[in-house]
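Structure file work_35.txt (compact mmCIF, C-alpha atoms) follows.
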```txt
# COMPACT_ATOMS: atom_id res chain seq x y z
CA MET A 181 -10.37 13.03 19.59
CA THR A 182 -6.85 11.95 18.70
CA ASP A 183 -5.51 12.50 15.19
CA ARG A 184 -4.35 9.44 13.35
CA PRO A 185 -0.61 8.82 13.24
CA PRO A 186 1.37 9.06 10.00
CA ALA A 187 0.23 6.59 7.38
CA SER A 188 1.99 3.29 6.68
CA PRO A 189 4.03 2.77 3.49
CA PRO A 190 2.11 3.25 0.22
CA ASP A 191 1.79 -0.48 -0.50
CA HIS A 192 0.16 -0.92 2.89
CA GLU A 193 -2.29 1.86 2.16
CA ALA A 194 -3.21 0.35 -1.19
CA LEU A 195 -3.73 -3.00 0.51
CA ALA A 196 -5.89 -1.38 3.17
CA VAL A 197 -8.05 0.22 0.48
CA GLU A 198 -8.50 -3.14 -1.24
CA LEU A 199 -9.29 -4.81 2.07
CA ASP A 200 -11.83 -2.11 2.83
CA ARG A 201 -13.56 -2.70 -0.48
CA VAL A 202 -13.70 -6.48 -0.11
CA ILE A 203 -14.79 -6.48 3.52
CA SER A 204 -17.48 -3.89 2.90
CA LEU A 205 -18.93 -6.15 0.23
CA ALA A 206 -18.84 -9.20 2.46
CA ASP A 207 -19.73 -7.64 5.76
CA SER A 208 -22.31 -4.88 5.62
CA VAL A 209 -24.30 -3.81 8.68
CA PRO A 210 -27.73 -5.50 8.71
CA ASP A 211 -30.60 -3.07 8.11
CA SER A 212 -32.35 -4.37 11.23
CA TRP A 213 -29.51 -3.02 13.36
CA ARG A 214 -30.30 0.55 12.33
CA THR A 215 -34.00 0.02 13.02
CA VAL A 216 -33.28 -1.31 16.50
CA ALA A 217 -30.88 1.52 17.25
CA GLY A 218 -33.40 4.12 16.11
CA ALA A 219 -36.21 2.59 18.18
CA ALA A 220 -34.16 2.84 21.38
CA PHE A 221 -34.78 6.58 21.29
CA GLU A 222 -38.51 6.06 22.02
CA TRP A 223 -37.53 5.90 25.69
CA THR A 224 -36.87 9.65 25.76
CA ALA A 225 -40.53 10.33 24.91
CA ILE A 226 -41.78 8.38 27.95
CA GLY A 227 -42.66 10.84 30.67
CA GLY A 228 -41.34 10.69 34.21
CA VAL A 229 -38.19 10.88 36.25
CA THR A 230 -35.78 8.03 35.60
CA ALA A 231 -35.75 5.66 38.55
CA ARG A 232 -32.43 4.20 39.64
CA LEU A 233 -31.81 0.49 39.28
CA ALA A 234 -31.23 -0.63 42.86
CA TYR A 235 -31.26 -4.37 42.35
CA ASP A 236 -31.11 -6.82 39.45
CA SER A 237 -31.02 -10.53 40.22
CA HIS A 238 -29.10 -11.12 37.00
CA LEU A 239 -26.33 -8.81 38.15
CA ALA A 240 -26.48 -10.34 41.60
CA GLY A 241 -26.10 -13.78 40.04
CA GLU A 242 -29.16 -15.24 41.70
CA ALA A 243 -31.13 -17.97 40.00
CA GLY A 244 -34.42 -17.32 41.79
CA ASP A 245 -37.09 -19.77 42.84
CA GLU A 246 -37.43 -21.71 39.64
CA GLY A 247 -39.65 -24.34 41.24
CA ALA A 248 -42.52 -21.88 41.46
CA ARG A 249 -42.28 -20.90 37.79
CA PRO A 250 -43.96 -22.20 34.68
CA ALA A 251 -41.72 -24.63 32.84
CA GLY A 252 -39.45 -23.06 30.26
CA THR A 253 -39.33 -19.58 31.76
CA VAL A 254 -36.42 -17.71 33.28
CA PRO A 255 -37.10 -15.59 36.37
CA ARG A 256 -35.61 -12.19 37.01
CA GLN A 257 -36.24 -9.67 39.76
CA LEU A 258 -35.50 -5.96 39.57
CA ARG A 259 -36.06 -3.03 41.89
CA TYR A 260 -36.04 0.60 40.80
CA THR A 261 -36.14 3.51 43.22
CA SER A 262 -36.83 7.21 42.93
CA GLY A 263 -36.97 9.12 46.20
CA MET A 264 -39.36 7.24 48.49
CA LEU A 265 -40.98 5.36 45.62
CA ALA A 266 -39.92 1.93 44.46
CA ILE A 267 -41.07 -0.18 41.52
CA GLU A 268 -40.40 -3.89 41.91
CA LEU A 269 -40.54 -6.08 38.83
CA ASP A 270 -40.68 -9.84 38.72
CA LEU A 271 -40.20 -11.12 35.18
CA ASP A 272 -41.02 -14.52 33.77
CA ILE A 273 -39.13 -14.65 30.53
CA GLY A 274 -40.35 -17.19 28.00
CA ALA A 275 -39.07 -17.97 24.54
CA ASP A 276 -40.96 -15.12 22.91
CA LYS A 277 -43.30 -13.84 25.63
CA LEU A 278 -42.81 -11.97 28.84
CA ARG A 279 -44.94 -11.82 31.99
CA VAL A 280 -44.38 -9.00 34.44
CA MET A 281 -45.65 -9.09 37.99
CA GLY A 282 -44.78 -6.04 40.01
CA ARG A 283 -45.44 -3.90 43.00
CA VAL A 284 -45.38 -0.21 43.71
CA VAL A 285 -43.94 0.70 47.12
CA PRO A 286 -45.41 2.30 49.17
CA ALA A 287 -48.62 0.53 48.16
CA ALA A 288 -50.99 2.69 46.12
CA ARG A 289 -53.33 2.56 43.17
CA VAL A 290 -51.25 3.94 40.33
CA GLU A 291 -51.69 3.98 36.58
CA LEU A 292 -48.86 2.13 34.87
CA VAL A 293 -47.76 1.66 31.30
CA ALA A 294 -45.49 -1.08 30.02
CA HIS A 295 -43.53 0.22 27.03
CA TRP A 296 -41.52 -1.69 24.47
CA PRO A 297 -40.11 -0.47 21.16
CA GLY A 298 -43.12 -0.05 18.92
CA GLY A 299 -45.81 -0.70 21.52
CA GLN A 300 -47.25 -0.18 24.97
CA ARG A 301 -49.95 -1.49 27.32
CA ALA A 302 -51.68 0.33 30.16
CA GLY A 303 -52.57 -1.12 33.55
CA VAL A 304 -53.21 -0.11 37.12
CA SER A 305 -51.93 -1.36 40.44
CA ASP A 306 -54.37 -2.56 43.12
CA ASP A 307 -54.66 -1.21 46.65
CA ASP A 308 -51.66 -3.31 47.66
CA GLY A 309 -49.61 -1.74 44.89
CA ALA A 310 -49.53 -5.01 42.93
CA PHE A 311 -49.82 -5.12 39.15
CA ARG A 312 -49.17 -7.52 36.31
CA PHE A 313 -48.80 -7.55 32.56
CA ASP A 314 -49.28 -10.89 30.83
CA GLU A 315 -48.25 -11.99 27.38
CA LEU A 316 -46.03 -9.05 26.57
CA PRO A 317 -43.69 -9.50 23.63
CA ARG A 318 -40.19 -10.47 24.66
CA ARG A 319 -38.73 -7.10 23.81
CA PRO A 320 -36.87 -4.43 25.80
CA LEU A 321 -39.24 -3.21 28.50
CA CYS A 322 -39.76 0.06 30.36
CA VAL A 323 -42.42 0.46 33.05
CA ALA A 324 -43.72 3.95 33.73
CA ALA A 325 -45.79 4.84 36.78
CA GLY A 326 -48.11 7.84 36.82
CA GLY A 327 -49.42 9.76 39.81
CA ASP A 328 -48.18 12.96 41.38
CA ASN A 329 -44.53 12.13 40.72
CA PRO A 330 -44.31 10.07 37.54
CA VAL A 331 -41.29 7.82 37.19
CA LYS A 332 -39.99 5.38 34.61
CA THR A 333 -37.54 2.54 34.67
CA GLY A 334 -34.63 2.20 32.32
CA TRP A 335 -34.83 -0.30 29.49
CA VAL A 336 -34.88 -3.84 30.79
CA VAL A 337 -33.56 -6.31 28.23
CA PRO A 338 -35.17 -9.70 28.94
CA MET B 112 -16.86 14.03 11.76
CA GLN B 113 -15.48 16.78 13.97
CA THR B 114 -15.71 16.43 17.72
CA THR B 115 -17.83 19.58 17.85
CA ALA B 116 -20.31 18.00 15.45
CA VAL B 117 -20.48 14.85 17.57
CA ALA B 118 -20.95 16.93 20.71
CA ASP B 119 -23.73 18.84 18.99
CA LEU B 120 -25.49 15.59 18.07
CA VAL B 121 -25.29 14.42 21.68
CA THR B 122 -26.61 17.72 23.01
CA ARG B 123 -29.51 17.78 20.57
CA ALA B 124 -30.36 14.11 21.13
CA ARG B 125 -30.37 14.78 24.85
CA ASP B 126 -33.05 17.41 24.16
CA GLY B 127 -35.19 14.87 22.33
CA ASP B 128 -34.11 15.46 18.72
CA GLN B 129 -34.67 12.17 16.89
CA GLN B 130 -32.73 13.42 13.87
CA ALA B 131 -29.68 14.01 16.04
CA TRP B 132 -30.06 10.52 17.49
CA ASP B 133 -30.22 9.09 13.99
CA GLY B 134 -27.04 11.05 13.28
CA LEU B 135 -25.29 9.38 16.19
CA VAL B 136 -26.52 6.00 15.01
CA GLY B 137 -25.23 6.71 11.52
CA ARG B 138 -21.89 7.82 12.90
CA TYR B 139 -21.26 4.83 15.17
CA LEU B 140 -23.34 1.88 13.92
CA GLY B 141 -20.52 0.67 11.69
CA MET B 142 -18.11 0.78 14.60
CA VAL B 143 -20.47 -1.22 16.82
CA HIS B 144 -20.83 -3.77 14.04
CA ALA B 145 -17.07 -4.01 13.56
CA ILE B 146 -16.49 -4.53 17.28
CA CYS B 147 -19.10 -7.29 17.38
CA ARG B 148 -17.54 -8.95 14.35
CA GLY B 149 -14.14 -8.60 15.93
CA HIS B 150 -15.36 -10.58 18.92
CA ARG B 151 -16.68 -13.26 16.56
CA LEU B 152 -20.15 -13.28 17.97
CA GLY B 153 -22.87 -15.21 16.19
CA ALA B 154 -25.50 -13.19 14.34
CA ASP B 155 -28.11 -13.36 17.13
CA ASP B 156 -25.67 -12.49 19.89
CA ALA B 157 -24.25 -9.63 17.86
CA ALA B 158 -27.73 -8.27 17.22
CA ASP B 159 -28.43 -8.46 20.96
CA VAL B 160 -25.26 -6.51 21.71
CA ASN B 161 -26.21 -3.84 19.19
CA GLN B 162 -29.60 -3.50 20.85
CA VAL B 163 -28.21 -3.20 24.36
CA VAL B 164 -25.61 -0.61 23.36
CA TRP B 165 -28.21 1.79 21.96
CA LEU B 166 -30.67 1.20 24.79
CA ARG B 167 -27.95 2.00 27.29
CA LEU B 168 -26.78 5.04 25.36
CA VAL B 169 -30.23 6.62 25.28
CA GLU B 170 -30.43 6.23 29.06
CA HIS B 171 -26.91 7.51 29.47
CA LEU B 172 -27.24 10.62 27.30
CA SER B 173 -28.18 12.96 30.13
CA ARG B 174 -25.19 11.83 32.20
CA ILE B 175 -22.48 12.20 29.57
CA ARG B 176 -20.02 14.77 30.88
CA SER B 177 -17.99 15.06 27.70
CA PRO B 178 -20.35 14.78 24.72
CA ALA B 179 -17.46 14.82 22.24
CA ALA B 180 -16.15 11.59 23.79
CA VAL B 181 -19.39 9.65 23.28
CA GLY B 182 -17.68 7.47 20.67
CA GLY B 183 -15.27 6.17 23.27
CA TRP B 184 -18.19 5.38 25.57
CA ILE B 185 -19.95 3.49 22.78
CA ALA B 186 -16.79 1.59 21.87
CA ALA B 187 -16.06 0.58 25.47
CA THR B 188 -19.70 -0.36 26.14
CA THR B 189 -19.87 -2.47 22.99
CA ARG B 190 -16.64 -4.23 23.87
CA ASN B 191 -17.76 -4.94 27.43
CA GLU B 192 -21.14 -6.19 26.24
CA CYS B 193 -19.45 -8.49 23.69
CA LEU B 194 -17.28 -9.93 26.43
CA ARG B 195 -20.30 -10.37 28.71
CA VAL B 196 -22.29 -12.15 26.00
CA ARG B 197 -19.38 -14.43 25.21
CA ARG B 198 -18.99 -15.30 28.88
CA MET B 199 -22.71 -16.02 29.26
CA SER B 200 -23.30 -17.90 26.05
CA GLY B 201 -20.12 -19.91 26.08
CA ARG B 202 -20.47 -19.98 22.34
CA LEU B 203 -17.86 -18.98 19.83
CA VAL B 204 -18.68 -18.65 16.15
CA LEU B 205 -15.81 -18.41 13.76
CA ALA B 206 -17.10 -15.70 11.50
CA GLY B 207 -14.13 -15.79 9.17
CA ASP B 208 -14.86 -19.29 7.92
CA ASP B 209 -18.49 -18.45 7.33
CA GLU B 210 -17.53 -15.50 5.21
CA LEU B 211 -15.26 -17.54 3.02
CA ASP B 212 -17.79 -20.31 2.61
CA HIS B 213 -20.53 -18.00 1.47
CA VAL B 214 -18.86 -15.24 -0.43
CA ASP B 215 -20.15 -16.31 -3.81
CA GLU B 216 -23.51 -17.70 -2.82
CA PRO B 217 -26.74 -15.89 -3.71
CA ASN B 218 -28.94 -14.10 -1.17
CA THR B 219 -26.10 -13.07 1.11
CA GLY B 220 -26.16 -9.40 0.20
CA ILE B 221 -22.78 -9.82 -1.37
CA ASP B 222 -22.12 -8.81 -4.93
CA ALA B 223 -21.07 -12.19 -6.26
CA GLY B 224 -20.02 -10.65 -9.53
CA LEU B 225 -17.20 -8.87 -7.77
CA LEU B 226 -16.25 -11.46 -5.21
CA VAL B 227 -15.73 -14.24 -7.71
CA TYR B 228 -12.57 -12.54 -8.77
CA GLU B 229 -9.75 -14.65 -7.49
CA ARG B 230 -7.93 -11.64 -6.14
CA ASP B 231 -10.78 -10.71 -3.87
CA ARG B 232 -11.19 -14.24 -2.64
CA ALA B 233 -7.46 -14.54 -1.99
CA LEU B 234 -7.54 -11.32 0.00
CA LEU B 235 -10.47 -12.49 2.13
CA ASP B 236 -8.74 -15.84 2.58
CA ALA B 237 -5.54 -14.16 3.72
CA PHE B 238 -7.47 -11.86 6.02
CA GLY B 239 -9.14 -14.91 7.58
CA ARG B 240 -5.72 -16.37 8.31
CA LEU B 241 -4.55 -13.32 10.23
CA GLY B 242 -4.55 -13.55 14.00
CA ASP B 243 -7.74 -12.59 15.80
CA ARG B 244 -6.25 -9.38 17.12
CA CYS B 245 -5.18 -8.22 13.67
CA GLN B 246 -8.54 -9.07 12.13
CA TYR B 247 -10.29 -7.19 14.90
CA LEU B 248 -8.10 -4.12 14.56
CA LEU B 249 -8.26 -3.92 10.77
CA ARG B 250 -12.00 -4.55 10.68
CA LEU B 251 -12.51 -1.81 13.24
CA LEU B 252 -10.34 0.68 11.39
CA LEU B 253 -12.25 -0.06 8.20
CA ALA B 254 -15.67 0.56 9.77
CA ASP B 255 -17.83 3.04 7.90
CA PRO B 256 -17.45 5.78 8.96
CA PRO B 257 -14.04 5.08 10.50
CA PRO B 258 -13.78 5.52 14.27
CA SER B 259 -11.21 7.84 15.78
CA TYR B 260 -8.07 6.37 17.31
CA ASP B 261 -9.44 7.22 20.76
CA GLU B 262 -12.50 5.14 19.97
CA VAL B 263 -10.40 2.30 18.59
CA ALA B 264 -8.27 2.39 21.73
CA ALA B 265 -11.42 2.13 23.86
CA ALA B 266 -12.73 -0.78 21.82
CA LEU B 267 -9.45 -2.70 21.91
CA ASP B 268 -8.34 -1.63 25.36
CA MET B 269 -4.93 -0.70 24.01
CA PRO B 270 -2.87 2.52 24.04
CA VAL B 271 -3.54 4.97 21.22
CA GLY B 272 0.17 5.02 20.42
CA SER B 273 0.14 1.30 19.67
CA ILE B 274 -2.62 1.40 17.09
CA GLY B 275 -0.62 2.75 14.14
CA PRO B 276 2.39 0.42 14.54
CA THR B 277 0.11 -2.58 15.16
CA ARG B 278 -1.91 -1.72 12.06
CA GLY B 279 1.31 -1.58 10.07
CA ARG B 280 2.41 -4.98 11.33
CA CYS B 281 -0.98 -6.49 10.57
CA LEU B 282 -0.96 -5.13 7.02
CA GLU B 283 2.57 -6.45 6.58
CA GLN B 284 1.43 -9.91 7.73
CA LEU B 285 -1.49 -9.69 5.32
CA ARG B 286 0.84 -8.78 2.47
CA HIS B 287 3.04 -11.80 3.26
CA LEU B 288 0.02 -14.10 3.42
CA LEU B 289 -0.98 -12.90 -0.02
CA GLY B 290 2.46 -13.89 -1.21
```
Rewrite the structure from the file as structure tokens, please.
Amino acid sequence: MTDRPPASPPDHEALAVELDRVISLADSVPDSWRTVAGAAFEWTAIGGVTARLAYDSHLAGEAGDEGARPAGTVPRQLRYTSGMLAIELDLDIGADKLRVMGRVVPAARVELVAHWPGGQRAGVSDDDGAFRFDELPRRPLCVAAGGDNPVKTGWVVP
Amino acid sequence: MQTTAVADLVTRARDGDQQAWDGLVGRYLGMVHAICRGHRLGADDAADVNQVVWLRLVEHLSRIRSPAAVGGWIAATTRNECLRVRRMSGRLVLAGDDELDHVDEPNTGIDAGLLVYERDRALLDAFGRLGDRCQYLLRLLLADPPPSYDEVAAALDMPVGSIGPTRGRCLEQLRHLLG
């Protein structure tokens, strides 16, 4: 950490103090920001190895097949990998709700949990590895897969 | 806060200590807020940036090679996220005007009893007439708690050696605007 350079002339410092006082009155950090920042830490309590984000259609700049989607939703595809395992997520992002359709590769019946700050929902994939979570809140999302080698995704911000 | 204390918070948070995480939030939340304000994001966009920064940090904790430098990582991540949001939204909210319009209205969290003083209003007015870069720098330096110069440099993408002289010039401009 670098030390601060010598201070400016005294009148500047007095002005800076006054400015600090006035701005702090007019521009305080919203309480909700601290709550959100604190809740992010819940991710560390989710068990499993962190899977690597291998693909995100948002980062790739792809729009997706909007014609196959319900009106008013935004599609997004992601793929996370950990060793030989992959978790594919297909998100339909509505105004305040989120639908997740996904697949575990290689296909297997696996217990899954969708986590968001302050909540979670359990599910299970079918024999083809497919799973879905409907009507999730539109909040940051982490999907954790159980089994012999549990893994979790990073936070997805819809 | 000493760099060793920051490094200790990172190390403990990495081990699952919520109190240490809250310590990091307390140390850097004001800086994140100041960077968002400096980029003149609207309230919703700024809140989104705040959320993303902390979500990314919690994922990044285990990969931080230099825990004492986490503030620089937070500053640079916040700046990049602000720029990304601005690019995507195409929206630009002039926060300075909003402040001046609402400084003495009720329900804003502002102590109207203090801000009605003409001197305070004149100072806010003059601050709003500074260039964007000066407003950004001064707001960042006044964050509570204040970021280090390394963190400010990361947020502004400018050399550390330029921060002090630039701050001096900005304060001089502010003094002139106050007449």
**Asked** For the atom pair CA of Ser259 (chain B) and CA of Gly183 (chain B), what is the interatomic distance in Å to one decimal place?
**Response** 8.7 Å
Would you write out, as JSON lines, a table of all residues in chain A that have an atom no more than 9 Å from an atom of chain B, listing for each the closest atom pair and the distance in Å to one decimal, considering all atoms listed in the file and ordering rows by chain and rising residue number?
```
{"residue": "A:Met181", "atom": "CA", "partner": "B:Asp261", "partner_atom": "CA", "distance": 6.0}
{"residue": "A:Thr182", "atom": "CA", "partner": "B:Asp261", "partner_atom": "CA", "distance": 5.8}
{"residue": "A:Asp183", "atom": "CA", "partner": "B:Tyr260", "partner_atom": "CA", "distance": 7.0}
{"residue": "A:Arg184", "atom": "CA", "partner": "B:Tyr260", "partner_atom": "CA", "distance": 6.2}
{"residue": "A:Pro185", "atom": "CA", "partner": "B:Gly275", "partner_atom": "CA", "distance": 6.1}
{"residue": "A:Pro186", "atom": "CA", "partner": "B:Gly275", "partner_atom": "CA", "distance": 7.8}
{"residue": "A:Ala187", "atom": "CA", "partner": "B:Gly275", "partner_atom": "CA", "distance": 7.8}
{"residue": "A:Ser188", "atom": "CA", "partner": "B:Gly279", "partner_atom": "CA", "distance": 6.0}
{"residue": "A:Pro189", "atom": "CA", "partner": "B:Gly279", "partner_atom": "CA", "distance": 8.3}
{"residue": "A:Asp191", "atom": "CA", "partner": "B:Arg286", "partner_atom": "CA", "distance": 8.9}
{"residue": "A:His192", "atom": "CA", "partner": "B:Leu282", "partner_atom": "CA", "distance": 6.0}
{"residue": "A:Glu193", "atom": "CA", "partner": "B:Leu282", "partner_atom": "CA", "distance": 8.6}
{"residue": "A:Leu195", "atom": "CA", "partner": "B:Leu282", "partner_atom": "CA", "distance": 7.4}
{"residue": "A:Ala196", "atom": "CA", "partner": "B:Leu282", "partner_atom": "CA", "distance": 7.3}
{"residue": "A:Val197", "atom": "CA", "partner": "B:Leu253", "partner_atom": "CA", "distance": 8.8}
{"residue": "A:Glu198", "atom": "CA", "partner": "B:Leu234", "partner_atom": "CA", "distance": 8.3}
{"residue": "A:Leu199", "atom": "CA", "partner": "B:Leu234", "partner_atom": "CA", "distance": 7.1}
{"residue": "A:Asp200", "atom": "CA", "partner": "B:Leu253", "partner_atom": "CA", "distance": 5.8}
{"residue": "A:Val202", "atom": "CA", "partner": "B:Asp231", "partner_atom": "CA", "distance": 6.4}
{"residue": "A:Ile203", "atom": "CA", "partner": "B:Leu235", "partner_atom": "CA", "distance": 7.5}
{"residue": "A:Ser204", "atom": "CA", "partner": "B:Leu253", "partner_atom": "CA", "distance": 8.4}
{"residue": "A:Leu205", "atom": "CA", "partner": "B:Ile221", "partner_atom": "CA", "distance": 5.6}
{"residue": "A:Ala206", "atom": "CA", "partner": "B:Ile221", "partner_atom": "CA", "distance": 5.5}
{"residue": "A:Asp207", "atom": "CA", "partner": "B:Ile221", "partner_atom": "CA", "distance": 8.1}
{"residue": "A:Ser208", "atom": "CA", "partner": "B:Gly220", "partner_atom": "CA", "distance": 8.0}
{"residue": "A:Val209", "atom": "CA", "partner": "B:His144", "partner_atom": "CA", "distance": 6.4}
{"residue": "A:Pro210", "atom": "CA", "partner": "B:His144", "partner_atom": "CA", "distance": 8.9}
{"residue": "A:Ser212", "atom": "CA", "partner": "B:Ala158", "partner_atom": "CA", "distance": 8.5}
{"residue": "A:Trp213", "atom": "CA", "partner": "B:Asn161", "partner_atom": "CA", "distance": 6.7}
{"residue": "A:Arg214", "atom": "CA", "partner": "B:Val136", "partner_atom": "CA", "distance": 7.2}
{"residue": "A:Val216", "atom": "CA", "partner": "B:Gln162", "partner_atom": "CA", "distance": 6.1}
{"residue": "A:Ala217", "atom": "CA", "partner": "B:Trp165", "partner_atom": "CA", "distance": 5.4}
{"residue": "A:Gly218", "atom": "CA", "partner": "B:Asp133", "partner_atom": "CA", "distance": 6.3}
{"residue": "A:Ala219", "atom": "CA", "partner": "B:Leu166", "partner_atom": "CA", "distance": 8.7}
{"residue": "A:Ala220", "atom": "CA", "partner": "B:Leu166", "partner_atom": "CA", "distance": 5.1}
{"residue": "A:Phe221", "atom": "CA", "partner": "B:Val169", "partner_atom": "CA", "distance": 6.1}
{"residue": "A:Glu222", "atom": "CA", "partner": "B:Gln129", "partner_atom": "CA", "distance": 8.9}
{"residue": "A:Trp223", "atom": "CA", "partner": "B:Val169", "partner_atom": "CA", "distance": 7.3}
{"residue": "A:Thr224", "atom": "CA", "partner": "B:Gly127", "partner_atom": "CA", "distance": 6.5}
{"residue": "A:Ala225", "atom": "CA", "partner": "B:Gly127", "partner_atom": "CA", "distance": 7.5}
{"residue": "A:Thr230", "atom": "CA", "partner": "B:Glu170", "partner_atom": "CA", "distance": 8.6}
{"residue": "A:Pro320", "atom": "CA", "partner": "B:Leu166", "partner_atom": "CA", "distance": 8.4}
{"residue": "A:Gly334", "atom": "CA", "partner": "B:Glu170", "partner_atom": "CA", "distance": 6.7}
{"residue": "A:Trp335", "atom": "CA", "partner": "B:Leu166", "partner_atom": "CA", "distance": 6.5}
{"residue": "A:Val336", "atom": "CA", "partner": "B:Leu166", "partner_atom": "CA", "distance": 8.9}
{"residue": "A:Val337", "atom": "CA", "partner": "B:Val163", "partner_atom": "CA", "distance": 7.3}
```
**Asked** Interatomic distance between CA of Tyr260 (chain A) and CA of Gly274 (chain A)?
**Response**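 Taking CA of Tyr260 (chain A) as the start and CA of Gly274 (chain A) as the end point, the length is 22.3 Å.
Take CA of Gly227 (chain A) and CA of Pro330 (chain A): the distance between them is 7.1 Å.
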**Message:** Need to verify the contact set: region 294-310 of chain A, 10 Å, all atoms listed in the file, exclusion of same-chain residues closer than 4 positions in sequence. Can you return it as a PyMOL selection string?
**Reply:** chain A and resi 216+218-223+226+267-269+280-290+316-326+332-333+335-337
**Request:** Could you give me, as a PyMOL selection string, the residues that have an atom at most 6 Å away from the point (-23.0, -13.2, 23.1) in the coordinates of the file, using only C-alpha atoms?
**Result:** chain B and resi 152+156+193+196-197+200
For Asp268 (chain B), work out the shell of residues within 10 Å, counting only C-alpha atoms and skipping chain neighbours fewer than 4 positions away, then give it as a compact mmCIF listing (two decimals) with C-alpha atoms, in the frame of the given file.
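Everything below was put into part.txt:
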```
# COMPACT_ATOMS: atom_id res chain seq x y z
CA ALA B 186 -16.79 1.59 21.87
CA ALA B 187 -16.06 0.58 25.47
CA ARG B 190 -16.64 -4.23 23.87
CA GLU B 262 -12.50 5.14 19.97
CA VAL B 263 -10.40 2.30 18.59
CA ALA B 264 -8.27 2.39 21.73
```
